[in-house]
Structures are given as C-alpha cells and as structure tokens.
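Visitor: Dropping the structure in here first, questions after.
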Amino acid sequence: MDGFLNAIVLLANFALVPGAAYGSQLALGALGVTLIFAVLRFSNFAHGETMSFGAMITIFATWALQSWGVSIAPLPTGLLALPIGIIVTVAVVLASDKFVYAYYREKRSDQVIFLIASIGVMFVMAGLIRFIIGPDDQIFADGARFVFSVRDFRAVTGLEEGLALKTTQLVTLVTAIVCVVALFLFLGKTRTGKSMRAYADNEDLATLSGIDAGRVVRIAWILSATLAVIAGVLYGLDKSYKPFVFQELLLPIFAAAIVGGLGSPVGAIVGGYIIAFAEVLVTYAYKRFLGHLVPPDWMPDGLAQLMGTEYKFAVAFVILVLTLLIRPTGLFNKRAA
Amino acid sequence: MSQSVRTPRTPASPMRTVLPFAVFFLLIVAVGLLQSWTVALTILNMCLVSAVMALGVNVQWGYAGLVNFGVMGFTALGGLAVVVIAMPTVDAAWQAGGPGVLFGLFLLLATAAVTIAMRRVVTARLPRMVLTAVFVAAGLWAANTVLGPSTAAVEGVNPALEGYLGGFGAPVLIAWAVGALLAAAAAFVIGKIALGLRADYLAIATLGVSEIIVAVLMNEDWLARGVKNVVGLPRPVPYEVDMRTTAWFADLADRLGMAAVPLSSLIVKLAYAGLFVVVLALILWLAERALASPWGRTMRAVRDNETAAAAMGKDVKRLHLLVFIVGSGIIGLAGAMLTTLDGQFTPSSYQPLRFTFLVWVMVIVGGAGNNWGATVGAFIVWFAWVEAEPVGHFVIDWATYALGDDSPIRQHLLQNAAQMRHVVMGVLLLVVLRFAPRGIIPETDRT
Amino acid sequence: MSFLVARDMRGGYGAEDILQGCTVEADRGEIAVIVGPNGAGKSTAMKAIFGMLSLRGGAITLDGADLTRMKPTERVKNGMSFVPQVKNVFPSMSVEENLEMGAFIRRDDYSATMDEVYALFPVLAEKRRQPAGELSGGQRQQVAVGRALMTKPSLLMLDEPTAGVSPIVMDELFDRIIDVAKTGIAILMVEQNAKQALEIATRGYVLQHGKNAHTDTGEALLADPVVRRTFLGG
Ligand SMILES: Nc1ncnc2c1ncn2[C@@H]1O[C@H](COP(=O)(O)OP(=O)(O)O)[C@@H](O)[C@H]1O
Ligand SMILES: [Mg+2]
C-alpha cells in the first residue's frame, strides 16, 4: 500500500503538478489563439510574441516595483506588475489591428493574407523584444519559493517520497481558474460576450442584428492579448523568461487550440491540458515510479522513459497530426473546418 | 487565394523586371567599394542560395497557394545530406554500432510499411485504429531496443572528434542532389498527411514537422554529431592554401598587384558564386518552363478558382502533392548548398525566424507567383538582412549619443542593435503586403 | 401609398445590374409574395430593400419615410426586419440567446416580446436552452422568424422561409406567418413554393430577369393562365 502511495506521490511531484501548471499556461495561450480565430478567422502566428512582449513589459514593471521596495510576498511581485504588462500589450495589439489587420478586414481578404500579415507583426514584435530586453534569460520570480516543500510533505505524511508545490504553480493554477471562470461568465452571461459569440457564429446575421463588428473585434483583441500576457507571465514565473522559448511554445499552443477545435474556448482549455499531460507523461522516466510498484527483479534496465524530454514537442505534434487525420474540426467544434 | 484581389493582369514591362536586378547589383558594387569585396561576395553568395530557397517556396505558394512553414526543416535535411554524402566514413563507429543502427532504422521503415499494408487490408474503423496503435507501439519498442545500445556504441567512438557514423566520402556536389531527394521524400510523407486541409492547418503542421526534424538533428549525435556540429566539410572548390602554392595564382597575384591571402579568398568566393549561379539559372529555367506548361496553367487556375479546384477533385490533391514535393526538393537543394558554403553543419543554427519566415518575406516582397520576383526578393531581402546590422548599429549609436559612452542603456541597446533587423523585415513585409501586394515584380498573365 | 414602397430598384453586386427597375410594395396586415425562377433576383431585391447592397437607382420608403440611404441597422431601428435565405440563425447559441441577439438593438425590456414569440412558436419555448444548430429544419426557421420579430418590426421580410421543410411543416409555418400578419405587421416574402404562397398572398409579384413580369393579387395570379403555364408549372 505504501508503495502505491509513494508511486502516486512521486508521479504527482514530477509529472502531474508540473503538468497541471504547464497545461494551464498552454490553455490560456490557446484561448487567446482560439478567440482571435473565432472572431477574425485566422491563425495568429504573432501570438507567441504577444505573450513574450507582455511578459517583458511585466518584467520591467516588476523591476521598477522591486527597486521601490514594493512587495506582496509571499506572492511574486510579477503578479502586481501584471496589469501594467496587460495594458501596454493591449495597446500594442490594438495598434497592430488598426494599422495592419483592419485594412484586410475591410477588403475581406482571404484568411491566408491575415496569416502572412501576422508573420510581419511577429517579426516586428520579436525584433522589438530582442532589441529592448535582449535575447537572454531573465529570472523575475520572487516571494516564497514553495507553498509546501518535499520536506514538509514527508514530515506530515511520513511517506518516503515527497510532493512539493511551488508558489508559482499554485499562482498559475489559481489565476488560470479565475481567468477561465471570468471568461466564461463574460461570454455566457453578458450582452457584449453574447454578441461576440453571435459574431463568431454568423458574422452577417450578427451585423444585421445591429452588433457592431468593430467593437467585437476590438474586444476579441483585448481578451486575446490579456490572456496572452497572463499566460506569458505565468510561464516566465514558473520557468524563466527567454524570448526564443515563446517561438517554441507556438506549436503546443496551436496544437492545443486545434485539438480542442479552433474557435472553441472549451476546446482550447481541454486541448491545453491534453497536450501538457501528454508531453509530461510521455517524457517522464518511470524507473523510480515502477520501483515502488513492481518487485526488483521485474524492473526494466533503462529509465523506463517512452521518449526523451528533448522530443517533448514531438508529442504535441503527434497529437496535432492525429487530430488532423481523424477529426480535423477538433473535439469541440461544430463548425466545419 | 494567394492574393486577395485578382485583378486582370497586364504583362509587366521588361523594365519592371530588369530594374530591381540592376539596383541590386549596384548595391553589391557599392558594398564592394565602400566596405570590401570580400563582404560583397559573401553577401552575394548568400543571396544566390536564398534565391534558390525562395524559388522553392514560390513554387508552392506562388503557383499553388500552399503555405509551407517548414522551410527550416527541409533546409536542415539538405544540410544533413552534405554530412552523410561527403564526410569520410568513421570505420570504428561502423564496426561499433553500424549494423545495429541500420537494423534499427530498417525496423522503423518495416513498421511503417507493415502498418500501411495492414490499413489497406483492415477496413473496419475500430480494429484498424487499435491495430495501428499496437503495430506502431511494438515497432517503436523494437526499434528503440535495437537502436539504443548501437547508437550509444557509435557515440562512444572518439566522441571529441567523431562519435558518429560519418558519411560516404563521396564528392560533395552529389550531396546537393541527395539533399533535394531527402527533402522531397520528407515532403511526400508530410504532404500525404497534411495536404487538403485548410491553409492554416498546413502552415502549422509544416512548422511542427520542421521543428521535429531539427530536434532530431540536434539530439541524434550518432547521425551528425548533434549540437557538437560537423566541421570541415569537403568543398567543391579549391582550398585557399593549396591555391596559393600554384604557379597560375602567383602569376595572377603579380598581374593584379594584390596580396595573396585576400586574392585567394576572393577567388574561392567567386568559384562558389559561379557554381551557385549555374544552379540558380537551372532552377529558374526549369521553374519558368513548368509555369508556362499546361501543368503550370492548371495549377494557377486551381489556385485562383475554388470551383475549378472542386471540379477537379482528386487531381488537385495529386497536383498539390507534386508541387509540394518539388518545392521542398528545391529547398533541400538550397539547404545543401548553404551547408557546403558554410563548410560546417550546425543544427542549432536552424531557427524558424531566419530559415522559414525570412524566406517567406523574400517571396512576398519579391512577388509571389513570379520566379524573377522571388529571386530578386531573395537578393534584396538578404541584402537588407545583412546590412541592417551595421546600419542599425550606426543609427542606435547616433540616437543614443547624448547618453554618453558609459550609459548602461546605450551599451545595452548598442549590443542588441542587430536585433532591429527583425523589425526591418517585419515592416518591409507589412508595407509590401499592404501597398504593393503583388510584390516588386508582379506575377504576369501568360494564359 | 403603400406602407412599404420599393420603387424602380436598379443595382447588383458588381458592374452588372441584377435588378433592372423592379418595384414591390407591401401594406400592414398584408402578405406580399415574390415568386419567380431561380436567379431572377428575388433575394437580391430583398437585400436591396434591407440595404445590404447599394442601389444605382430607385427609392425605398417605409411609412412615407425615405430609407434609401440608410444602413441595415438603421432600417432595423425604423421597423424593418429580415430573415435571410441561408445562415439565418446563430447555430451554436441557444434558442433563447438567438432571440436575445435579435433584440440586440433594443435597450428596453424585451421579455414581453420574447413571450409573444414563444406563444407563437410553442416548440421554441420547450427548446429554449438548446443550440439552434441542433434543431430540425422547420424549428430552425421558426427561430429565424422569431429572432426577426424581436425588434417588434412593422415590416417583416422573409426569404424562402419554407426552403427545405416538409409540406406539413410548411403549412404550419404559413399559418404562423398569417398570424403574424394579423397583428398588423406588413409581410414581404419570397417563396419557391409559389402556388401555396400565392394562396395566402394578398399581393403577388412575379419577378423575371430583375424586372416585374406580373403583378396582381395572389388569387388573380393563380388564375392567370400565362402565369400558370410559365411560372407555376401548369
Ligand atoms: N453575392 C453575390 N455576388 C454576385 N452575384 C450574385 C450574388 N448573389 C447572387 N448573385 C447573382 O445574382 C443573380 C440573382 O440572384 P438571386 O437574387 O439570389 O436569385 P433568386 O431569385 O434565386 O433569389 C444570380 O445571377 C446570381 O448569380
Ligand atoms: Mg434566393
């Protein structure tokens, strides 16, 4: 029995808890992608850089707050700086809509044109980020490191294995829940939120009903940018901030959005957790885990790892390809792809 | 589809085609005179390689409206071909683990073949899915069991300098063809899976594939040393040191009154340029032939008219697959040329911004659908990409002058000035897309 | 003068004029029906009246007010309401949300209107929480009509409301439309099921090549041998 408990705790510590945190970050990122897709009907390749940009602004604000001695310990100061990151990023994203995308919307251009335009925006943002903060690693998490550490956990439970919960992980989970609940209340209960869904459902009929397309589009950008900044900051707090990482995140985020069904908020969330847990569980080395469960002479020789961690985004990709082959509309999409 | 408005096209005047090339060559000459001829030729060579890459994308996007964001992966496969074909064989490594590696790879291929055959035979949905999962899992497990120890043995052989299987020691020019074939083969598999989906799905799928290709190259040391890089790749042109000992070289140096070292380096660069021009000319000629052929016309008709596309049904899928394979093959060729020019294979250098999206900027800026446009787009964009660095540095230097030399902000910005090239590229792309959506040399109507 | 007058409409989607001077009118409490072969420009005429395409000539007045230059939403505020031929519901939204979106421009309390719609189409009240996209064809058309009624229009325009529904459901829908007309709303309707539609029409228009080919009461058109032979299949 103890062996079983130890195995579960071990798995939770190294796979489930980090997976849940990572899944929340992906889900928030994928929500931003899916909202833009639902309303503007294109895949925004600049989304990764939007996350990065917001995190960068938040880092500067964090440094400013730290230098003034402001602190909300045990919570990370970054959380306090987050609104500044959001405001600046929303402004930048709205400007990109006004100066780039609005024109193609007016012309009713093909979605591919939007996609290519988003590459241009991506370049500009990537350049600004690397110019302003530089391409290197930045660590900006402060406050308490753990909610409870492995040692605390062992002391309380008396188990051999321990479970730690990092502050950033708890912050990530709580923030994600708050964001998702708020988003769904907004989409499901408010007049503006419903008008946004109506526009996503049937653009022409929404316009006929007196729904202002420009307003819907602006709100979609605001929501998408806000979620992007939150996702980017949570990821940066949890791991560290590095500009090029956000390019790599683009693949799992798109995979999450497509698995769930592009345009479906529920799908984006489910997709985020599917991708995250699949990545973590497939690249986890089960050697010690099995050690608690099976007799020593049954143990495999290797690490008992399905795939090396360096191939973790291959997992996201395989899931993406399976989705495209089996059900290209995704799990939760009613509209044809 | 590839452009939002398809207004009736008028044939571009010859000036419209010639002028951008003339401007570009003037720019190169200016660099030669102002900076140095070595720099000018270095830029020119990269321009020529980029042009081949851009032609590959142009065949896919310009002819057929296919969005390939996996350029980086095909480029890397071309680079891998150079290592595999041209590097000397590492005999000790082959003895240590060669057969095991081959057997493991054979198992992977066999798994794929058996699974596909099974899926032809078994038609019921559920059994087919279950069997596929079982076959793939069993095959991966078996291949992994065989590969694991063998690759470890290979990587253990003289790891500081070798630790990989090496290549066939064949002439490097063969690698260019093999690189194209390798990329084309990969494109066949990817195309089978992802073509026929909406444009952005294809974009994301190809981006994903290319990241995985690069991940494999970075982590499978037995193949091409991973992040330890393969250096000292054989060349198709003479080495400077050898050249300097020849009589004709001494004679030439005398006649030109130039020092031996810069002259030898110039000659080598010129030799590369000559090779590249031949390849580029060949690809351009073939691409133009294809575009004017009935096949090319069908392709563009399908791209512009979804009803026509639908009416042709299955044929469109076959045509698109063909275009995708051909375009990717061209990109693979360019990748092999690039690695040959560099003289080393560095998997970590493959970044999507540089190797995928920059090529897209070239095609859009030059003029999608027009091979001359894509070519001149590659020339000009690469030129801007390289020259944005010194220019950016100069601008930042000037703009932050007032801050004083010890200002940390000034130092930080100067250090990152090179990053402004991304901004330049983004703005260039957006401006062209908005104000000249058909590019520098627009597609002409030939039908 | 009639309540709605759309006179001498000319215009189309591009350079070519689809509408070549056609006129339709409708009065409160009446049903005006437009019939005609496929591609005659019936849907185009409806879109033109609703302001979804700009006209090169002609004028549209509602209750004497000139609406010719107004945008669709302004026309809605002036009492027009339109059920397009296709894509006329929000498929992923519930029936009730569809009706709410119909009332989007209303700032007052519209619950009474919603109750009226539910009274008119009781089945919608039952399915108020279901996504409109999951309903049957006939029920979806009811949602579409219900959505259009939420602005309390004085003119309801329907483009082929019975397309793709069974004959029984069609009769049922026509009955409801008569009910709506009886409340004093003017109805302008395009119909493929020409015979049945002209039977309930007070006014009928036969459109051909963007022009009025025949105009009369529904009864008279049904009786006209030329109309019968050319447009009603004998
Ligand atoms: N959105 C559009 N753009 C261009 N032409 C259109 C459009 N919709 C309809 N047409 C053309 O206008 C003509 C009339 O169409 P429509 O009004 O839909 O006919 P119907 O009488 O069957 O409703 C047809 O020739 C059709 O091809
Ligand atoms: Mg019609």
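Letters A, B, ... mark the chains of the structure tokens in the order given; residue numbers begin at 1 per chain; ligand numbers begin at 1, in order shown.
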List all protein, DNA and RNA residues that have at least one atom no more than 7 Å from any atom of ligand 2, counting only C-alpha atoms and all ligand atoms, and write them as a count of residues only.

Guide: 6

Visitor: Could you find all residues in range 45-255 of chain B that DSSP calls strand (DSSP E or B) from the backbone, and write them as a list in words?

Guide: Thr89, Gly166, Val230 and Val231 of chain B

Visitor: What are the nearest atom pairs, with distances in Å to one decimal, for all residues of chain B that come at most 9 Å from chain A, using only C-alpha atoms, set out by chain and rising residue number as a tab-separated table?

Guide:
residue	atom	partner	partner_atom	distance
B:Met1	CA	A:Asp110	CA	6.5
B:Ser2	CA	A:Val112	CA	7.2
B:Gln3	CA	A:Ile113	CA	7.0
B:Ser4	CA	A:Ser109	CA	4.9
B:Val5	CA	A:Ser109	CA	7.8
B:Val67	CA	A:Val112	CA	8.3
B:Trp141	CA	A:Leu306	CA	8.8
B:Ile193	CA	A:Leu325	CA	7.1
B:Ala194	CA	A:Leu324	CA	7.5
B:Leu197	CA	A:Leu324	CA	8.0
B:Arg198	CA	A:Ala337	CA	7.2
B:Ala199	CA	A:Val112	CA	6.7
B:Asp200	CA	A:Ser43	CA	6.4
B:Tyr201	CA	A:Leu324	CA	8.1
B:Ile204	CA	A:Leu251	CA	7.3
B:Ala205	CA	A:Val321	CA	7.2
B:Leu207	CA	A:Leu251	CA	7.6
B:Gly208	CA	A:Phe317	CA	6.0
B:Val209	CA	A:Phe317	CA	7.5
B:Glu211	CA	A:Ala314	CA	8.3
B:Ile212	CA	A:Ala314	CA	6.0
B:Ala215	CA	A:Tyr311	CA	6.8
B:Val216	CA	A:Tyr311	CA	7.8
B:Asn219	CA	A:Glu310	CA	7.3
B:Pro352	CA	A:Gln247	CA	8.3
B:Leu353	CA	A:Phe123	CA	7.6
B:Phe357	CA	A:Ile119	CA	7.2
B:Trp360	CA	A:Ile116	CA	8.5
B:Val361	CA	A:Gly120	CA	8.2
B:Ile364	CA	A:Ile116	CA	8.9
B:His412	CA	A:Gly134	CA	8.0
B:Leu413	CA	A:Phe131	CA	6.7
B:Leu414	CA	A:Phe131	CA	9.0
B:Gln415	CA	A:Gly134	CA	8.4
B:Asn416	CA	A:Phe131	CA	5.0
B:Ala417	CA	A:Phe131	CA	6.3
B:Ala418	CA	A:Phe131	CA	7.7
B:Gln419	CA	A:Phe131	CA	5.3
B:Met420	CA	A:Gly127	CA	5.5
B:Arg421	CA	A:Gly127	CA	6.9
B:His422	CA	A:Gly127	CA	4.5
B:Val423	CA	A:Val124	CA	4.1
B:Val424	CA	A:Val124	CA	7.3
B:Met425	CA	A:Phe123	CA	6.6
B:Gly426	CA	A:Gly120	CA	4.2
B:Val427	CA	A:Gly120	CA	6.6
B:Leu428	CA	A:Gly120	CA	8.0
B:Leu429	CA	A:Gly120	CA	5.6
B:Leu430	CA	A:Gly120	CA	5.6
B:Leu433	CA	A:Ala117	CA	7.4
B:Arg434	CA	A:Val100	CA	8.1

Visitor: Using only C-alpha atoms, find each residue of chain C with at least one atom at most 8 Å away from an atom of chain A; report its shortest atom-to-atom pair and that distance in Å (one decimal), sort the rows by chain and rising residue number, and return the result as a tab-separated table.

Guide:
residue	atom	partner	partner_atom	distance
C:Pro72	CA	A:Leu208	CA	6.3
C:Thr73	CA	A:Gly210	CA	5.1
C:Val76	CA	A:Ser209	CA	7.9
C:Lys87	CA	A:Asn202	CA	7.2
C:Asn88	CA	A:Leu205	CA	6.5
C:Val89	CA	A:Leu205	CA	7.3
C:Phe90	CA	A:Asp201	CA	5.5
C:Pro91	CA	A:Asp201	CA	6.6
C:Ser92	CA	A:Asp201	CA	6.6
C:Met93	CA	A:Ala198	CA	7.3
C:Glu97	CA	A:Lys194	CA	7.7
C:Met101	CA	A:Ser209	CA	6.7
C:Gly102	CA	A:Ser209	CA	5.7
C:Ala103	CA	A:Ser209	CA	7.5
C:Phe104	CA	A:Ser209	CA	6.4
C:Ile105	CA	A:Gly210	CA	5.8

Visitor: Please produce, as a Markdown table, a per-residue contact table for chain C versus ligand 1 (criterion: any atom at most 12 Å away, only C-alpha atoms and all ligand atoms considered), showing the nearest atom pair and its distance in Å to one decimal, sorted by chain then residue number.

Guide:
| residue | atom | partner | partner_atom_place_in_ligand_line | distance |
| --- | --- | --- | --- | --- |
| C:Gly11 | CA | ligand 1 | 12 (O) | 10.1 |
| C:Gly12 | CA | ligand 1 | 12 (O) | 7.1 |
| C:Tyr13 | CA | ligand 1 | 4 (C) | 4.9 |
| C:Gly14 | CA | ligand 1 | 4 (C) | 6.8 |
| C:Ala15 | CA | ligand 1 | 4 (C) | 9.9 |
| C:Glu16 | CA | ligand 1 | 5 (N) | 9.0 |
| C:Asp17 | CA | ligand 1 | 12 (O) | 8.7 |
| C:Ile18 | CA | ligand 1 | 12 (O) | 5.7 |
| C:Leu19 | CA | ligand 1 | 14 (C) | 8.2 |
| C:Gln20 | CA | ligand 1 | 14 (C) | 11.2 |
| C:Ile34 | CA | ligand 1 | 21 (O) | 9.2 |
| C:Val35 | CA | ligand 1 | 21 (O) | 8.0 |
| C:Gly36 | CA | ligand 1 | 21 (O) | 6.6 |
| C:Pro37 | CA | ligand 1 | 21 (O) | 6.3 |
| C:Asn38 | CA | ligand 1 | 22 (O) | 3.7 |
| C:Gly39 | CA | ligand 1 | 19 (O) | 3.4 |
| C:Ala40 | CA | ligand 1 | 21 (O) | 3.9 |
| C:Gly41 | CA | ligand 1 | 17 (O) | 3.2 |
| C:Lys42 | CA | ligand 1 | 21 (O) | 3.7 |
| C:Ser43 | CA | ligand 1 | 23 (O) | 3.7 |
| C:Thr44 | CA | ligand 1 | 17 (O) | 3.7 |
| C:Ala45 | CA | ligand 1 | 17 (O) | 6.5 |
| C:Met46 | CA | ligand 1 | 17 (O) | 8.0 |
| C:Lys47 | CA | ligand 1 | 17 (O) | 8.3 |
| C:Ala48 | CA | ligand 1 | 17 (O) | 9.7 |
| C:Met52 | CA | ligand 1 | 1 (N) | 10.2 |
| C:Leu53 | CA | ligand 1 | 1 (N) | 9.5 |
| C:Pro84 | CA | ligand 1 | 23 (O) | 10.4 |
| C:Gln85 | CA | ligand 1 | 23 (O) | 8.3 |
| C:Val86 | CA | ligand 1 | 18 (O) | 10.6 |
| C:Leu158 | CA | ligand 1 | 23 (O) | 11.6 |
| C:Asp159 | CA | ligand 1 | 23 (O) | 8.0 |
| C:Glu160 | CA | ligand 1 | 23 (O) | 8.6 |
| C:Ala163 | CA | ligand 1 | 23 (O) | 11.8 |
| C:Met189 | CA | ligand 1 | 23 (O) | 11.4 |
| C:Val190 | CA | ligand 1 | 23 (O) | 8.0 |
| C:Glu191 | CA | ligand 1 | 23 (O) | 9.2 |
| C:Gln192 | CA | ligand 1 | 22 (O) | 8.8 |
| C:Val206 | CA | ligand 1 | 21 (O) | 10.4 |
| C:Leu207 | CA | ligand 1 | 21 (O) | 7.9 |
| C:Gln208 | CA | ligand 1 | 21 (O) | 8.2 |
| C:His209 | CA | ligand 1 | 14 (C) | 8.2 |
| C:Gly210 | CA | ligand 1 | 14 (C) | 7.7 |
| C:Lys211 | CA | ligand 1 | 21 (O) | 11.0 |

Visitor: Write out as a ChimeraX atom specification all residues of range 160-329 of chain A that DSSP puts in alpha helix (DSSP H) for this structure's backbone.

Guide: /A:167-189,191-201,203-208,213-238,245-260,265-283,287-293,312-326

Visitor: As a PyMOL selection string, please: the residues near range 275-292 of chain A (cut-off 9 Å, only C-alpha atoms, same-chain neighbours under 4 positions excluded).

Guide: chain A and resi 2-8+10-11+14-16+18-24+26+252-253+255-256+259+270-271+296+299-316+319

Visitor: Mind dumping the selected residues with C-alpha atoms as a CSV table (one decimal), in the first residue's frame?

Guide:
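The resulting file, result22.csv, is shown below:
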chain,number,residue,atom,x,y,z
A,2,ASP,CA,2.8,2.4,0.9
A,3,GLY,CA,4.5,1.5,-2.3
A,4,PHE,CA,1.4,2.5,-4.2
A,5,LEU,CA,1.0,5.8,-2.3
A,6,ASN,CA,4.7,6.6,-2.8
A,7,ALA,CA,4.4,5.9,-6.5
A,8,ILE,CA,1.4,8.3,-6.8
A,10,LEU,CA,6.2,10.6,-6.9
A,11,LEU,CA,4.3,10.9,-10.2
A,14,PHE,CA,7.4,15.2,-11.1
A,15,ALA,CA,4.6,14.9,-13.6
A,16,LEU,CA,1.1,15.8,-12.5
A,18,PRO,CA,4.1,20.5,-13.2
A,19,GLY,CA,1.8,19.2,-16.0
A,20,ALA,CA,-1.2,20.9,-14.5
A,21,ALA,CA,0.7,24.2,-14.3
A,22,TYR,CA,2.1,23.9,-17.8
A,23,GLY,CA,-1.4,22.8,-19.0
A,24,SER,CA,-2.9,26.0,-17.5
A,26,LEU,CA,-1.0,26.4,-22.6
A,252,PRO,CA,2.0,23.3,-28.5
A,253,ILE,CA,-0.4,26.2,-28.2
A,255,ALA,CA,-1.8,22.1,-31.2
A,256,ALA,CA,-4.0,22.6,-28.1
A,259,VAL,CA,-7.2,19.5,-30.8
A,270,VAL,CA,-9.2,20.9,-22.7
A,271,GLY,CA,-6.6,20.9,-25.5
A,296,PRO,CA,13.1,-5.6,-8.1
A,299,MET,CA,12.5,-3.8,-13.1
A,300,PRO,CA,13.4,-2.7,-16.7
A,301,ASP,CA,17.1,-1.7,-17.1
A,302,GLY,CA,16.6,1.7,-18.7
A,303,LEU,CA,14.9,4.8,-17.4
A,304,ALA,CA,11.6,3.4,-18.5
A,305,GLN,CA,11.0,6.5,-20.5
A,306,LEU,CA,8.9,6.5,-23.6
A,307,MET,CA,10.6,9.4,-25.2
A,308,GLY,CA,13.4,11.7,-24.3
A,309,THR,CA,12.5,15.2,-23.0
A,310,GLU,CA,14.3,16.8,-25.9
A,311,TYR,CA,11.4,15.4,-28.1
A,312,LYS,CA,8.6,16.7,-25.9
A,313,PHE,CA,7.2,18.9,-28.6
A,314,ALA,CA,7.1,15.9,-30.9
A,315,VAL,CA,4.3,14.7,-28.6
A,316,ALA,CA,2.3,17.9,-29.2
A,319,ILE,CA,-1.4,14.7,-31.2
